[in-house]
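Have a look at start.cif below; it lists mmCIF, C-alpha atoms.
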```cif
data_coords
loop_
_atom_site.label_atom_id
_atom_site.label_comp_id
_atom_site.auth_asym_id
_atom_site.auth_seq_id
_atom_site.Cartn_x
_atom_site.Cartn_y
_atom_site.Cartn_z
CA MET A 1 4.91 17.86 7.97
CA ARG A 2 2.37 20.57 8.58
CA SER A 3 -0.78 19.75 10.52
CA ARG A 4 -3.18 20.46 7.64
CA GLN A 5 -1.17 18.20 5.35
CA ALA A 6 -1.11 15.48 8.03
CA ILE A 7 -4.89 15.71 8.41
CA VAL A 8 -5.44 15.41 4.65
CA ILE A 9 -3.10 12.41 4.36
CA THR A 10 -4.78 10.74 7.34
CA LEU A 11 -8.23 11.25 5.81
CA VAL A 12 -7.10 9.94 2.41
CA LEU A 13 -5.68 6.81 4.01
CA LEU A 14 -8.75 6.26 6.22
CA VAL A 15 -11.01 6.53 3.18
CA ALA A 16 -8.73 4.14 1.27
CA VAL A 17 -8.83 1.57 4.08
CA THR A 18 -12.62 1.90 4.37
CA LEU A 19 -13.13 1.52 0.61
CA GLN A 20 -10.70 -1.41 0.44
CA VAL A 21 -12.53 -3.31 3.18
CA SER A 22 -16.06 -2.49 2.06
CA VAL A 23 -16.08 -2.08 -1.74
CA PHE A 24 -12.81 -2.96 -3.48
CA GLY A 25 -12.38 -6.24 -1.63
CA ARG A 26 -15.34 -7.60 -3.56
CA PHE A 27 -14.03 -6.66 -7.03
CA ARG A 28 -11.88 -9.53 -8.20
CA VAL A 29 -10.32 -10.57 -11.46
CA GLY A 30 -9.59 -14.23 -10.90
CA SER A 31 -8.32 -14.15 -7.34
CA ILE A 32 -6.70 -10.69 -7.52
CA ALA A 33 -8.38 -7.61 -6.06
CA PRO A 34 -7.21 -4.02 -6.57
CA ASP A 35 -5.15 -2.70 -3.67
CA LEU A 36 -6.35 0.87 -3.20
CA VAL A 37 -4.52 1.31 0.12
CA LEU A 38 -1.17 0.43 -1.44
CA ILE A 39 -1.74 2.92 -4.26
CA ALA A 40 -2.72 5.62 -1.75
CA LEU A 41 0.34 4.88 0.38
CA VAL A 42 2.70 5.18 -2.58
CA LEU A 43 1.06 8.43 -3.68
CA THR A 44 1.25 9.96 -0.23
CA SER A 45 4.90 8.98 0.17
CA PHE A 46 5.80 12.11 -1.81
CA ARG A 47 4.57 14.26 1.08
CA MET A 48 5.93 12.29 4.03
CA GLY A 49 9.35 11.86 5.53
CA PRO A 50 10.93 8.40 5.49
CA SER A 51 10.15 7.37 9.06
CA THR A 52 6.60 8.75 8.92
CA ALA A 53 5.98 6.90 5.64
CA LEU A 54 7.17 3.58 7.07
CA ILE A 55 5.14 3.93 10.27
CA THR A 56 2.06 4.93 8.25
CA ALA A 57 2.46 1.94 5.92
CA PHE A 58 2.80 -0.43 8.87
CA GLY A 59 -0.28 1.07 10.54
CA CYS A 60 -2.41 0.85 7.40
CA GLY A 61 -1.33 -2.74 6.82
CA LEU A 62 -2.08 -3.66 10.41
CA ALA A 63 -5.52 -2.03 10.15
CA LEU A 64 -6.31 -4.02 7.01
CA ASP A 65 -5.05 -7.21 8.65
CA ALA A 66 -7.25 -6.60 11.68
CA LEU A 67 -10.30 -6.02 9.48
CA SER A 68 -9.75 -9.07 7.27
CA SER A 69 -9.39 -12.79 7.78
CA GLU A 70 -5.70 -12.85 6.85
CA ALA A 71 -2.84 -13.43 9.28
CA LEU A 72 -2.20 -10.42 11.48
CA GLY A 73 0.88 -8.59 10.25
CA LEU A 74 0.99 -10.01 6.73
CA ARG A 75 -0.06 -6.84 4.89
CA ALA A 76 1.76 -4.71 7.45
CA MET A 77 5.02 -6.41 6.56
CA VAL A 78 4.43 -6.15 2.80
CA TYR A 79 3.26 -2.51 2.92
CA THR A 80 6.29 -1.56 4.99
CA ALA A 81 8.64 -3.23 2.49
CA VAL A 82 6.94 -1.52 -0.47
CA MET A 83 7.01 1.84 1.31
CA PHE A 84 10.71 1.37 2.02
CA ALA A 85 11.27 0.87 -1.72
CA ALA A 86 9.08 3.92 -2.45
CA VAL A 87 11.00 6.15 -0.04
CA ARG A 88 14.36 5.02 -1.42
CA THR A 89 13.36 5.56 -5.07
CA LYS A 90 10.98 8.53 -5.03
CA GLU A 91 13.62 10.95 -6.35
CA ARG A 92 13.74 8.94 -9.58
CA ALA A 93 9.98 9.25 -10.01
CA ASN A 94 10.13 13.05 -10.25
CA ALA A 95 11.26 12.87 -13.90
CA GLY A 96 7.73 13.59 -15.12
CA PRO A 97 4.16 12.33 -14.97
CA VAL A 98 4.82 9.28 -17.14
CA ALA A 99 7.77 8.21 -14.99
CA THR A 100 5.66 8.71 -11.86
CA ALA A 101 2.84 6.57 -13.28
CA PHE A 102 5.24 3.76 -14.16
CA TRP A 103 6.88 4.06 -10.72
CA ILE A 104 3.52 3.77 -8.95
CA ALA A 105 2.47 0.85 -11.17
CA ALA A 106 5.76 -0.99 -10.58
CA LEU A 107 5.60 -0.54 -6.81
CA THR A 108 1.95 -1.59 -6.67
CA LEU A 109 2.57 -4.66 -8.83
CA GLY A 110 5.60 -5.53 -6.71
CA GLY A 111 3.50 -5.21 -3.56
CA VAL A 112 0.76 -7.46 -4.91
CA LEU A 113 3.31 -10.07 -6.01
CA LEU A 114 5.11 -9.86 -2.66
CA LEU A 115 1.81 -10.25 -0.82
CA GLY A 116 1.05 -13.35 -2.90
CA LEU A 117 4.50 -14.79 -2.20
CA VAL A 118 4.43 -14.09 1.53
CA GLY A 119 0.82 -15.26 1.76
CA THR A 120 1.78 -18.52 0.08
CA LEU A 121 4.73 -19.01 2.42
CA PHE A 122 2.52 -18.52 5.47
CA GLY A 123 -0.32 -20.68 4.14
CA GLN A 124 -2.79 -17.86 3.53
CA LEU A 125 -3.01 -18.28 -0.25
CA GLN A 126 -3.14 -21.47 -2.22
CA PHE A 127 -2.63 -21.72 -5.94
CA SER A 128 -4.66 -24.39 -7.66
CA GLY A 129 -3.01 -25.88 -10.65
#
```
How would this structure read if it were set down as structure tokens?
Amino acid sequence: MRSRQAIVITLVLLVAVTLQVSVFGRFRVGSIAPDLVLIALVLTSFRMGPSTALITAFGCGLALDALSSEALGLRAMVYTAVMFAAVRTKERANAGPVATAFWIAALTLGGVLLLGLVGTLFGQLQFSG
């Protein structure tokens, strides 16, 4: 990866983490908030190699965990798993813009559901019913 591209990706992810912690964490529909960092990670996976993408996802997840009240490593684990799926399937998303949009939506939804599942298993989320 070229240095200019690395700088742009780093800035995009820093802005996404900052906006997630400050602004988007307050927007909720029920108990679900949009995950801007996960969307940014999936979008930037097109420009990164596999190992760089996984390390970046882990670092962004760890940064969000450190800045929130959740268990340390929870988002890092989920973001790394979603990024692994993104790296393994990104060739299939190059079929066109519609396929890419569905691919990003599916990975983001999968990440949110996985975060809910893992959060429930570790006692971070509770479903009232």
Explicit residue set for the PyMOL selection byres ((chain A and resi 106-123) around 12), as JSON, numbers by chain
{"A": [31, 32, 33, 34, 35, 36, 37, 38, 39, 40, 41, 42, 43, 45, 57, 61, 70, 71, 72, 73, 74, 75, 76, 77, 78, 79, 80, 81, 82, 83, 84, 85, 86, 87, 88, 89, 90, 93, 99, 100, 101, 102, 103, 104, 105, 124, 125, 126, 127, 128]}
Any chance you could export the current selection's C-alpha atoms as an mmCIF file, keeping the file's coordinate frame?
```
data_model
loop_
_atom_site.group_PDB
_atom_site.id
_atom_site.type_symbol
_atom_site.label_atom_id
_atom_site.label_comp_id
_atom_site.auth_asym_id
_atom_site.auth_seq_id
_atom_site.Cartn_x
_atom_site.Cartn_y
_atom_site.Cartn_z
ATOM 1 C CA SER A 31 -8.320 -14.150 -7.340
ATOM 2 C CA ILE A 32 -6.700 -10.690 -7.520
ATOM 3 C CA ALA A 33 -8.380 -7.610 -6.060
ATOM 4 C CA PRO A 34 -7.210 -4.020 -6.570
ATOM 5 C CA ASP A 35 -5.150 -2.700 -3.670
ATOM 6 C CA LEU A 36 -6.350 0.870 -3.200
ATOM 7 C CA VAL A 37 -4.520 1.310 0.120
ATOM 8 C CA LEU A 38 -1.170 0.430 -1.440
ATOM 9 C CA ILE A 39 -1.740 2.920 -4.260
ATOM 10 C CA ALA A 40 -2.720 5.620 -1.750
ATOM 11 C CA LEU A 41 0.340 4.880 0.380
ATOM 12 C CA VAL A 42 2.700 5.180 -2.580
ATOM 13 C CA LEU A 43 1.060 8.430 -3.680
ATOM 14 C CA SER A 45 4.900 8.980 0.170
ATOM 15 C CA ALA A 57 2.460 1.940 5.920
ATOM 16 C CA GLY A 61 -1.330 -2.740 6.820
ATOM 17 C CA GLU A 70 -5.700 -12.850 6.850
ATOM 18 C CA ALA A 71 -2.840 -13.430 9.280
ATOM 19 C CA LEU A 72 -2.200 -10.420 11.480
ATOM 20 C CA GLY A 73 0.880 -8.590 10.250
ATOM 21 C CA LEU A 74 0.990 -10.010 6.730
ATOM 22 C CA ARG A 75 -0.060 -6.840 4.890
ATOM 23 C CA ALA A 76 1.760 -4.710 7.450
ATOM 24 C CA MET A 77 5.020 -6.410 6.560
ATOM 25 C CA VAL A 78 4.430 -6.150 2.800
ATOM 26 C CA TYR A 79 3.260 -2.510 2.920
ATOM 27 C CA THR A 80 6.290 -1.560 4.990
ATOM 28 C CA ALA A 81 8.640 -3.230 2.490
ATOM 29 C CA VAL A 82 6.940 -1.520 -0.470
ATOM 30 C CA MET A 83 7.010 1.840 1.310
ATOM 31 C CA PHE A 84 10.710 1.370 2.020
ATOM 32 C CA ALA A 85 11.270 0.870 -1.720
ATOM 33 C CA ALA A 86 9.080 3.920 -2.450
ATOM 34 C CA VAL A 87 11.000 6.150 -0.040
ATOM 35 C CA ARG A 88 14.360 5.020 -1.420
ATOM 36 C CA THR A 89 13.360 5.560 -5.070
ATOM 37 C CA LYS A 90 10.980 8.530 -5.030
ATOM 38 C CA ALA A 93 9.980 9.250 -10.010
ATOM 39 C CA ALA A 99 7.770 8.210 -14.990
ATOM 40 C CA THR A 100 5.660 8.710 -11.860
ATOM 41 C CA ALA A 101 2.840 6.570 -13.280
ATOM 42 C CA PHE A 102 5.240 3.760 -14.160
ATOM 43 C CA TRP A 103 6.880 4.060 -10.720
ATOM 44 C CA ILE A 104 3.520 3.770 -8.950
ATOM 45 C CA ALA A 105 2.470 0.850 -11.170
ATOM 46 C CA GLN A 124 -2.790 -17.860 3.530
ATOM 47 C CA LEU A 125 -3.010 -18.280 -0.250
ATOM 48 C CA GLN A 126 -3.140 -21.470 -2.220
ATOM 49 C CA PHE A 127 -2.630 -21.720 -5.940
ATOM 50 C CA SER A 128 -4.660 -24.390 -7.660
#
```
List the spatial neighbours of Val21 of chain A as a ChimeraX atom specification - criterion: any atom at most 9 Å away, all atoms listed in the file, same-chain residues fewer than 4 positions off excluded.
/A:16-17,25-26,64,67-68
Rounded to one decimal, what separation in Å do you get between atom CA of Thr52 of chain A and atom CA of Asn94 of chain A?
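Straight-line distance from atom CA of Thr52 of chain A to atom CA of Asn94 of chain A works out to 20.0 Å.
Nearest residue to Gln5 of chain A among A:Thr44, A:Ser69, A:Thr56, A:Ser51 is A:Thr44, counting only C-alpha atoms.
Counting from atom CA of Leu13 of chain A, the distance to atom CA of Ala63 of chain A is 10.8 Å.
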Nearest to Ser3 of chain A, chosen from A:Leu54, A:Arg92, A:Ala66, A:Met48, with only C-alpha atoms counted in the distances
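With only C-alpha atoms as the atom set, the closest residue is A:Met48.
Among the candidate residues A:Val23, A:Arg47, A:Asp65, A:Arg28, the one lying nearest to Arg4 of chain A is A:Arg47, with distances computed using only C-alpha atoms.
Across the structure, atom CA of Leu62 of chain A and atom CA of Phe27 of chain A are spaced 21.4 Å apart.
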Calculated over all atoms listed in the file, which of the candidates A:Ile55, A:Val98, A:Cys60, A:Gly49 has the smallest distance to Thr18 of chain A?
A:Cys60
